[in-house]
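Trainee: Got a structure here, written out as structure tokens. Questions coming.
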Amino acid sequence: MGLLIELQKRIPDGWFLRRLLPAALFVVVTVVGGGELGHAHWNDIALARERIADALRTSGGLSADAVASLVLVAVPVVGTAFAVPYAAAAIGSLASGAWPWWLMSVGRRVTKWRVRRWVEPDVLARRSVRARADGHALRADRLDARAARARTGGRPQSPTWSGDRLRLTEENVGRETGGDVVSGWTTLLLGAADQPRAALAEARDAYDAACEALAWSAAFTVLGAWWWPAAPFGVLLGLASWRSLRHAVQALCRTTEAAFTLRETEQPSAQP
């Protein structure tokens with residue numbers, strides 16, 4: 001415990017809480033759950049406690065074997081912590097609709113499927129009114145939520161909802177301010193005041209955190225092949241992370257539009 005407290009003092013909180021601690025948890029679950037318990041003894045708490053105690057047991061201070069064991073645990077933990085941002089970056093690219101060339105054909109099929117499923121917001125609103133009149137309040141609420149998403153994103157033009165939302169933000173910024181989000185993002189961060197810059201950084205950090213959580217959910221789901229309780233945990237984490245990603249995209253888009261609008265209104269006043 002003292003080691004963890006000391007590490008938290010020396011490592012930035014974002015890296016410690018979002019990467020190092022989840023990596024340590026994942027490695028422990030992999031070694032104990034997948035390596036020792038397996039499917040046959042998935043709920044054998046006594047066996048798990050015995051294996052963990054054997055790994056931590058030392059006599060007379062840190063021996064060579066104990067140091068070697070710590071190194072063997074630390075290497076996969078640190079390696080996993082460093083690998084997660086790269087996996088999260090790949091997930092972020094897919095979520096934003098920026099699919100690589102070798103997935104373009106899949107992306108076009110997914111986009112066509114989303115277009116076939118898309119319904120005009122007014123049609124959804126009328127269905128909601130009829131459902132509510134028939135006493136189906138839950139169905140009406142679901143239709144209202146779907147209509148709101150349809151109004152926000154418009155007709156699908158990307159494999160993902162996030163990609164459509166980000167594209168709509170670029171169009172709104174271009175129409176209202178004449179700016180370009182892609183080319184003006186770095187300039188905006190460097191030239192914005194402290195408060196807008198902090199808001200943009202916080203919104204982007206929330207987006208990255210949601211992508212990292214999706215990476216962890218995929219890792220735990222795959223681990224379920226060796227220790228099945230990890231699979232439902234990974235699925236639940238994935239559902240929560242996907243919802244967090246949608247909220248993060250909404251916040252990032254609103255913050256970006258507000259920052260570009262604020263910069264546009266401040267530029268005339270800054271001129272003599």
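Labeling convention for the structure tokens: chains A, B, ... as they appear, residues from 1 per chain, ligands from 1 in order of appearance.
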So that I can check the surroundings of Ala219 in chain A, please list as a ChimeraX atom specification every protein, DNA and RNA residue that reaches within 10 Å of it, counting only C-alpha atoms and ignoring chain neighbours fewer than 2 positions away.

Mentor: /A:26,84,213-217,221-224,230-231,234

Trainee: Neighbours of Arg109 in chain A within 12 Å (only C-alpha atoms; same-chain residues fewer than 6 positions away dropped), as a short mmCIF file (atom, residue, chain, number, x, y, z; two decimals) with all heavy atoms, in the first residue's frame?

Mentor:
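Result written to around_3.cif:
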data_model
loop_
_atom_site.label_atom_id
_atom_site.label_comp_id
_atom_site.auth_asym_id
_atom_site.auth_seq_id
_atom_site.Cartn_x
_atom_site.Cartn_y
_atom_site.Cartn_z
N LEU A 103 -10.08 -0.77 -44.16
CA LEU A 103 -11.41 -0.97 -43.61
C LEU A 103 -12.46 -0.11 -44.31
O LEU A 103 -13.61 -0.06 -43.87
CB LEU A 103 -11.43 -0.66 -42.11
CG LEU A 103 -10.80 -1.70 -41.17
CD1 LEU A 103 -10.84 -1.21 -39.74
CD2 LEU A 103 -11.49 -3.05 -41.29
N VAL A 115 -27.85 4.09 -42.89
CA VAL A 115 -28.78 4.90 -43.68
C VAL A 115 -30.12 4.17 -43.82
O VAL A 115 -31.19 4.79 -43.73
CB VAL A 115 -28.18 5.21 -45.07
CG1 VAL A 115 -29.22 5.84 -45.99
CG2 VAL A 115 -26.99 6.16 -44.93
N ARG A 116 -30.08 2.85 -44.04
CA ARG A 116 -31.33 2.09 -44.16
C ARG A 116 -32.13 2.12 -42.86
O ARG A 116 -33.37 2.12 -42.88
CB ARG A 116 -31.03 0.65 -44.57
CG ARG A 116 -30.56 0.48 -46.00
CD ARG A 116 -30.64 -0.98 -46.42
NE ARG A 116 -29.80 -1.83 -45.60
CZ ARG A 116 -28.53 -2.13 -45.88
NH1 ARG A 116 -27.97 -1.63 -46.98
NH2 ARG A 116 -27.84 -2.92 -45.09
N GLN A 157 -23.76 9.82 -42.61
CA GLN A 157 -22.78 9.91 -43.68
C GLN A 157 -21.45 9.28 -43.26
O GLN A 157 -20.47 9.38 -43.97
CB GLN A 157 -22.56 11.37 -44.08
CG GLN A 157 -23.80 12.06 -44.61
CD GLN A 157 -23.53 13.48 -45.06
OE1 GLN A 157 -22.40 13.83 -45.38
NE2 GLN A 157 -24.56 14.31 -45.09
N SER A 158 -21.45 8.65 -42.09
CA SER A 158 -20.24 8.06 -41.53
C SER A 158 -20.60 6.70 -40.95
O SER A 158 -21.77 6.44 -40.65
CB SER A 158 -19.67 8.99 -40.44
OG SER A 158 -18.63 8.37 -39.74
N PRO A 159 -19.62 5.82 -40.76
CA PRO A 159 -19.94 4.52 -40.16
C PRO A 159 -20.40 4.61 -38.71
O PRO A 159 -21.01 3.65 -38.21
CB PRO A 159 -18.60 3.76 -40.25
CG PRO A 159 -17.82 4.45 -41.30
CD PRO A 159 -18.23 5.88 -41.23
N THR A 160 -20.16 5.71 -38.03
CA THR A 160 -20.49 5.82 -36.62
C THR A 160 -21.27 7.09 -36.35
O THR A 160 -21.17 8.09 -37.09
CB THR A 160 -19.23 5.82 -35.74
OG1 THR A 160 -18.44 6.99 -36.06
CG2 THR A 160 -18.39 4.59 -35.99
#

Trainee: Pick from A:Glu120, A:Glu36, A:Glu50, A:Glu170: nearest to Gly154 in chain A, with only C-alpha atoms counted?

Mentor: A:Glu120

Trainee: Would you return as a short mmCIF file (atom, residue, chain, number, x, y, z; two decimals) with C-alpha atoms, in the first residue's frame the members of range 22-159 of chain A that DSSP assigns to alpha helix (DSSP H) on this structure's backbone?

Mentor:
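Printed below is selection13.cif as written:
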data_model
loop_
_atom_site.label_atom_id
_atom_site.label_comp_id
_atom_site.auth_asym_id
_atom_site.auth_seq_id
_atom_site.Cartn_x
_atom_site.Cartn_y
_atom_site.Cartn_z
CA PRO A 22 -6.26 -0.79 -14.36
CA ALA A 23 -3.17 -2.46 -15.85
CA ALA A 24 -2.22 -3.89 -12.46
CA LEU A 25 -5.79 -5.13 -11.94
CA PHE A 26 -5.85 -6.70 -15.40
CA VAL A 27 -2.53 -8.49 -14.90
CA VAL A 28 -3.61 -9.82 -11.48
CA ILE A 45 -11.76 -17.75 -3.28
CA ALA A 46 -9.55 -19.88 -1.02
CA LEU A 47 -7.41 -20.99 -3.96
CA ALA A 48 -7.11 -17.43 -5.23
CA ARG A 49 -6.10 -16.18 -1.79
CA GLU A 50 -3.55 -18.99 -1.49
CA ARG A 51 -1.98 -18.18 -4.86
CA ILE A 52 -1.79 -14.45 -4.10
CA ALA A 53 -0.30 -15.15 -0.66
CA ASP A 54 2.33 -17.44 -2.19
CA ALA A 55 3.29 -14.72 -4.63
CA LEU A 56 3.61 -12.07 -1.91
CA ALA A 64 16.42 -12.55 -5.12
CA ASP A 65 13.37 -14.64 -5.95
CA ALA A 66 11.05 -11.99 -4.52
CA VAL A 67 12.73 -9.24 -6.56
CA ALA A 68 12.51 -11.39 -9.68
CA SER A 69 8.81 -11.99 -9.01
CA LEU A 70 8.19 -8.26 -8.62
CA VAL A 71 9.99 -7.59 -11.90
CA LEU A 72 7.98 -10.27 -13.67
CA VAL A 73 4.78 -8.60 -12.46
CA ALA A 74 5.94 -5.02 -13.05
CA VAL A 75 6.99 -5.60 -16.67
CA PRO A 76 3.56 -6.72 -17.97
CA VAL A 77 1.83 -4.07 -15.84
CA VAL A 78 3.91 -1.22 -17.26
CA GLY A 79 3.79 -2.71 -20.76
CA THR A 80 0.01 -2.95 -20.62
CA ALA A 81 -0.26 0.60 -19.28
CA PHE A 82 1.80 1.89 -22.22
CA ALA A 83 -0.10 -0.20 -24.78
CA VAL A 84 -3.56 1.02 -23.75
CA PRO A 85 -3.18 4.58 -25.20
CA TYR A 86 -2.32 3.09 -28.60
CA ALA A 87 -5.35 0.82 -28.49
CA ALA A 88 -7.48 3.77 -27.35
CA ALA A 89 -6.16 5.88 -30.24
CA ALA A 90 -7.27 3.18 -32.68
CA ILE A 91 -10.70 3.06 -31.03
CA GLY A 92 -10.91 6.85 -31.14
CA SER A 93 -10.17 6.84 -34.88
CA LEU A 94 -12.85 4.25 -35.52
CA ALA A 95 -15.36 6.12 -33.37
CA MET A 104 -12.98 1.46 -46.09
CA SER A 105 -15.16 -1.22 -47.71
CA VAL A 106 -16.45 -2.30 -44.29
CA GLY A 107 -17.06 1.33 -43.39
CA ARG A 108 -19.14 1.87 -46.53
CA ARG A 109 -21.26 -1.17 -45.76
CA VAL A 110 -21.82 0.00 -42.18
CA THR A 111 -22.76 3.47 -43.44
CA LYS A 112 -25.30 2.03 -45.88
CA TRP A 113 -26.75 -0.10 -43.09
CA ARG A 114 -27.09 2.98 -40.86
CA VAL A 115 -28.78 4.90 -43.68
CA ARG A 116 -31.33 2.09 -44.16
CA ARG A 117 -32.12 2.14 -40.43
CA PRO A 121 -37.13 12.82 -36.84
CA ASP A 122 -40.68 13.97 -37.62
CA VAL A 123 -41.73 10.38 -38.37
CA LEU A 124 -40.24 9.24 -35.06
CA ALA A 125 -42.02 12.07 -33.26
CA ARG A 126 -45.39 11.02 -34.72
CA ARG A 127 -44.74 7.41 -33.71
CA SER A 128 -43.93 8.62 -30.21
CA VAL A 129 -47.22 10.51 -29.96
CA ARG A 130 -49.18 7.44 -31.07
CA ALA A 131 -47.30 5.18 -28.66
CA ARG A 132 -47.93 7.54 -25.75
CA ALA A 133 -51.61 7.76 -26.66
CA ALA A 137 -44.79 5.29 -22.29
CA LEU A 138 -41.49 3.38 -22.40
CA ARG A 139 -41.65 2.96 -26.18
CA ALA A 140 -42.56 6.64 -26.54
CA ASP A 141 -39.56 7.71 -24.48
CA ARG A 142 -37.28 5.51 -26.60
CA LEU A 143 -38.68 7.03 -29.79
CA ASP A 144 -38.21 10.54 -28.39
CA ALA A 145 -34.58 9.78 -27.61
CA ARG A 146 -34.07 8.34 -31.08
CA ALA A 147 -35.69 11.39 -32.68
CA ALA A 148 -33.40 13.69 -30.69
CA ARG A 149 -30.34 11.76 -31.90
CA ALA A 150 -31.61 11.92 -35.47
CA ARG A 151 -32.02 15.70 -35.27
CA THR A 152 -28.57 16.10 -33.74
CA GLY A 153 -26.63 14.01 -36.22
#

Trainee: Nearest residue to Ser162 in chain A out of A:Arg197, A:Arg175, A:Arg204, A:Arg246, using only C-alpha atoms?

Mentor: A:Arg246

Trainee: Hey, can you check how far CA of Ala240 in chain A sits from CA of Ala40 in chain A?

Mentor: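 Distance reported for this atom pair: 29.0 Å.
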
Trainee: How many Å lie between CA of Gly238 in chain A and CA of Ala218 in chain A, rounded to one decimal?

Mentor: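 Atom-to-atom, CA of Gly238 in chain A and CA of Ala218 in chain A are spaced 7.3 Å apart.
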
Trainee: Rounded to one decimal, what separation in Å do you get between CA of Gly38 in chain A and CA of Ala225 in chain A?

Mentor: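 The value is 9.1 Å.
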
Trainee: Between A:Glu202, A:Glu171, A:Asp164, A:Glu176, which has the minimum distance to Thr261 in chain A (counting only C-alpha atoms)?

Mentor: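 Of all the options, A:Glu176 lies closest to Thr261 in chain A.
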